[in-house]
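A.B. asks: This structure is in structure tokens; I'll ask about it shortly.
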Amino acid sequence: MTGKVLVAYGTTNGSTARIAEAIADVLGKEGFTSEALPAGSVARVTPYDAVVIGGGLYAGRWHKDARRFVRRHGHDLAARPVWLFSSGPLDASASERDIPPVPGVRKAMSRVDAKGHVTFGGCLEEGAKGWVARMIVRNGKGGDFRDFAQIEEWARRIAEELVAGEKG
Ligand SMILES: Cc1cc2nc3c(=O)[nH]c(=O)nc-3n(C[C@H](O)[C@H](O)[C@H](O)COP(=O)(O)O)c2cc1C
């Protein structure tokens, strides 16, 4: 398959963007044409054969850009293979076990008939936006919990499923 895959992301502090780029890189290595773009900058999803959508978690909700993206493109997304991911937990939990989607993401999954979802560990470091973020970091509760081996493995599975789907 020489499919075109979009990895759209919603981020406040940039760490979800880096996850999206890692996923796009793996898909590129697996032979797909892939790009990671901020969800808000994507006008149409119709040029893509498959879409991955990721968002940081804030107060139990998916990032608003990811939510809007699903609302705006829901119809076209439902017509192609879609995977969702969340990034959030500021501890090792996401590397240790499956963390289910928050309710809003579960709704988004059913809306676009998503093929899968995963929660990756998050990242919050010095310079993050907002006083709550700065307080978390100041209290020593921040850090980088993104597991790039886990992220790349998930992206490889997407590539496999896309190839299998193509053979159909
Ligand atoms: C104000 C605030 C609220 C947060 N709420 C959650 C949450 O409800 N669940 C969670 O898993 N992580 C939560 N986090 C952690 C973020 O999801 C994590 O830092 C994530 O990597 C941010 O993504 P971004 O850098 O792409 O914006 C929160 C962080 C901040 C600063």
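Residue numbers start at 1 in each chain; chains themselves are named A, B, ... in the order of the structure tokens; ligands are numbered from 1 in the order shown.
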Name each residue within 6 Å of ligand 1, counting only C-alpha atoms and all ligand atoms, as a count of residues only.
C.D. replies: 20
A.B. asks: From chain A, collect each residue whose DSSP state is strand (DSSP E or B) and return the set as number ranges by chain.
C.D. replies: A: 4-10, 33-38, 50-58, 61-62, 82-87, 116-120, 123-124, 143-144
A.B. asks: Can I get the selected residues back with N, CA and C atoms, as a compact mmCIF listing (two decimals), in the first residue's frame?
C.D. replies:
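Output (part-v2.txt):
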```
# COMPACT_ATOMS: atom_id res chain seq x y z
N LYS A 4 -1.67 7.33 2.05
CA LYS A 4 -1.32 8.60 2.66
C LYS A 4 -1.98 8.65 4.05
N VAL A 5 -1.19 8.85 5.08
CA VAL A 5 -1.71 8.84 6.44
C VAL A 5 -1.44 10.18 7.12
N LEU A 6 -2.49 10.72 7.71
CA LEU A 6 -2.36 11.95 8.49
C LEU A 6 -2.32 11.62 9.97
N VAL A 7 -1.41 12.24 10.69
CA VAL A 7 -1.40 12.16 12.15
C VAL A 7 -1.69 13.58 12.65
N ALA A 8 -2.94 13.80 13.09
CA ALA A 8 -3.37 15.13 13.53
C ALA A 8 -3.33 15.18 15.05
N TYR A 9 -2.88 16.30 15.60
CA TYR A 9 -2.74 16.35 17.05
C TYR A 9 -3.22 17.66 17.66
N GLY A 10 -3.65 17.55 18.90
CA GLY A 10 -3.99 18.73 19.70
C GLY A 10 -3.04 18.80 20.87
N THR A 33 3.08 7.37 3.00
CA THR A 33 3.34 8.80 2.95
C THR A 33 2.62 9.37 4.16
N SER A 34 3.35 9.91 5.10
CA SER A 34 2.70 10.32 6.35
C SER A 34 3.15 11.71 6.75
N GLU A 35 2.25 12.41 7.42
CA GLU A 35 2.64 13.70 7.97
C GLU A 35 1.90 13.96 9.27
N ALA A 36 2.59 14.61 10.21
CA ALA A 36 1.99 15.02 11.48
C ALA A 36 1.70 16.51 11.40
N LEU A 37 0.45 16.87 11.67
CA LEU A 37 0.04 18.28 11.57
C LEU A 37 -0.83 18.67 12.76
N PRO A 38 -0.77 19.94 13.18
CA PRO A 38 -1.70 20.39 14.22
C PRO A 38 -3.13 20.22 13.72
N ALA A 50 -5.96 7.21 5.62
CA ALA A 50 -6.16 6.83 7.02
C ALA A 50 -5.73 8.01 7.90
N VAL A 51 -6.29 8.07 9.11
CA VAL A 51 -5.99 9.20 9.99
C VAL A 51 -5.76 8.70 11.42
N VAL A 52 -4.73 9.24 12.04
CA VAL A 52 -4.47 9.01 13.46
C VAL A 52 -4.68 10.37 14.14
N ILE A 53 -5.44 10.38 15.24
CA ILE A 53 -5.72 11.64 15.93
C ILE A 53 -5.29 11.52 17.39
N GLY A 54 -4.48 12.47 17.84
CA GLY A 54 -4.02 12.42 19.22
C GLY A 54 -4.26 13.74 19.92
N GLY A 55 -4.46 13.65 21.23
CA GLY A 55 -4.63 14.87 22.02
C GLY A 55 -4.10 14.69 23.43
N GLY A 56 -3.55 15.75 23.98
CA GLY A 56 -3.18 15.75 25.38
C GLY A 56 -4.45 15.73 26.23
N LEU A 57 -4.34 15.20 27.45
CA LEU A 57 -5.48 15.17 28.37
C LEU A 57 -5.36 16.33 29.35
N TYR A 58 -6.44 17.07 29.47
CA TYR A 58 -6.48 18.19 30.41
C TYR A 58 -7.77 18.10 31.22
N ARG A 61 -10.28 15.66 30.00
CA ARG A 61 -10.82 15.84 28.65
C ARG A 61 -9.70 15.84 27.62
N TRP A 62 -10.07 15.39 26.43
CA TRP A 62 -9.13 15.41 25.30
C TRP A 62 -8.91 16.86 24.91
N VAL A 82 -9.42 4.94 11.19
CA VAL A 82 -8.99 5.98 12.12
C VAL A 82 -8.53 5.33 13.43
N TRP A 83 -7.44 5.82 13.97
CA TRP A 83 -6.97 5.43 15.31
C TRP A 83 -6.84 6.69 16.15
N LEU A 84 -7.11 6.55 17.44
CA LEU A 84 -7.00 7.70 18.34
C LEU A 84 -5.96 7.41 19.43
N PHE A 85 -5.32 8.45 19.90
CA PHE A 85 -4.50 8.28 21.10
C PHE A 85 -4.64 9.49 22.00
N SER A 86 -4.41 9.24 23.28
CA SER A 86 -4.40 10.30 24.27
C SER A 86 -3.02 10.30 24.90
N SER A 87 -2.58 11.46 25.38
CA SER A 87 -1.34 11.47 26.15
C SER A 87 -1.58 12.27 27.40
N GLY A 116 -8.98 1.73 17.02
CA GLY A 116 -8.30 1.52 18.29
C GLY A 116 -7.95 2.82 18.98
N HIS A 117 -7.58 2.67 20.25
CA HIS A 117 -7.15 3.82 21.05
C HIS A 117 -6.10 3.37 22.04
N VAL A 118 -5.17 4.26 22.32
CA VAL A 118 -4.19 3.98 23.37
C VAL A 118 -3.93 5.26 24.14
N THR A 119 -3.63 5.09 25.43
CA THR A 119 -3.21 6.23 26.24
C THR A 119 -1.71 6.11 26.47
N PHE A 120 -0.97 7.13 26.07
CA PHE A 120 0.47 7.18 26.30
C PHE A 120 0.76 8.08 27.50
N CYS A 123 3.93 14.38 29.35
CA CYS A 123 5.17 15.10 29.66
C CYS A 123 4.81 16.51 30.10
N LEU A 124 5.38 16.93 31.18
CA LEU A 124 5.17 18.30 31.63
C LEU A 124 6.47 18.80 32.24
N GLY A 143 7.60 15.86 34.64
CA GLY A 143 8.54 14.89 34.09
C GLY A 143 8.09 14.41 32.71
N ASP A 144 8.94 13.60 32.10
CA ASP A 144 8.65 13.08 30.77
C ASP A 144 8.38 11.59 30.87
```
A.B. asks: Tell me, in Å to one decimal, how far atom CA of Gly142 of chain A is from atom CA of Met109 of chain A.
C.D. replies: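 Straight-line distance from atom CA of Gly142 of chain A to atom CA of Met109 of chain A works out to 28.6 Å.
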A.B. asks: If you run DSSP over the backbone, which residues in segment 53-82 of chain A end up alpha helix (DSSP H)? Put them as a count of residues only.
C.D. replies: 15
A.B. asks: Do you know which residues are at most 6 Å from segment 77-80 of chain A counting only C-alpha atoms, after dropping those on the same chain fewer than 4 positions away, and could you put them as a ChimeraX atom specification?
C.D. replies: /A:50,73,112-113
A.B. asks: Could you name the residues that touch segment 152-160 of chain A at 8 Å or less, counting only C-alpha atoms, but leaving out those on the same chain fewer than 2 positions away, as a list in words?
C.D. replies: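 Here the qualifying residues turn out to be Ala22, Ile23, Ala24, Val26, Leu27, Glu30, Phe148, Ala149, Gln150, Leu162, Val163 and Ala164 of chain A.
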A.B. asks: Give me, please, the distance in Å between atom CA of Asp147 of chain A and atom CA of Lys29 of chain A, quoted to one decimal.
C.D. replies: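 Distance reported for this atom pair: 19.0 Å.
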A.B. asks: Considering only C-alpha atoms, state which residue in the set A:Ala114, A:Ile151, A:Val70, A:His75 is at the smallest distance from Ala94 of chain A.
C.D. replies: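 Ranked by minimum distance to Ala94 of chain A, first place goes to A:Ile151.
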A.B. asks: Between atom CA of Arg146 of chain A and atom CA of Arg72 of chain A, what is the distance in Å, rounded to a tenth?
C.D. replies: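 These two atoms are separated by 28.4 Å.
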A.B. asks: I'd like the contact shell of Arg71 of chain A - 9 Å cut-off, only C-alpha atoms, skipping same-chain residues fewer than 5 positions apart - returned as a PDB file with C-alpha atoms, in the first residue's frame.
C.D. replies:
```pdb
ATOM      1  CA  ALA A  66      -8.596  17.084  18.808  1.00  0.00           C
ATOM      2  CA  ALA A 108     -15.231  10.253  19.533  1.00  0.00           C
ATOM      3  CA  ARG A 111     -18.455   8.606  16.151  1.00  0.00           C
TER       4      ARG A 111
END
```
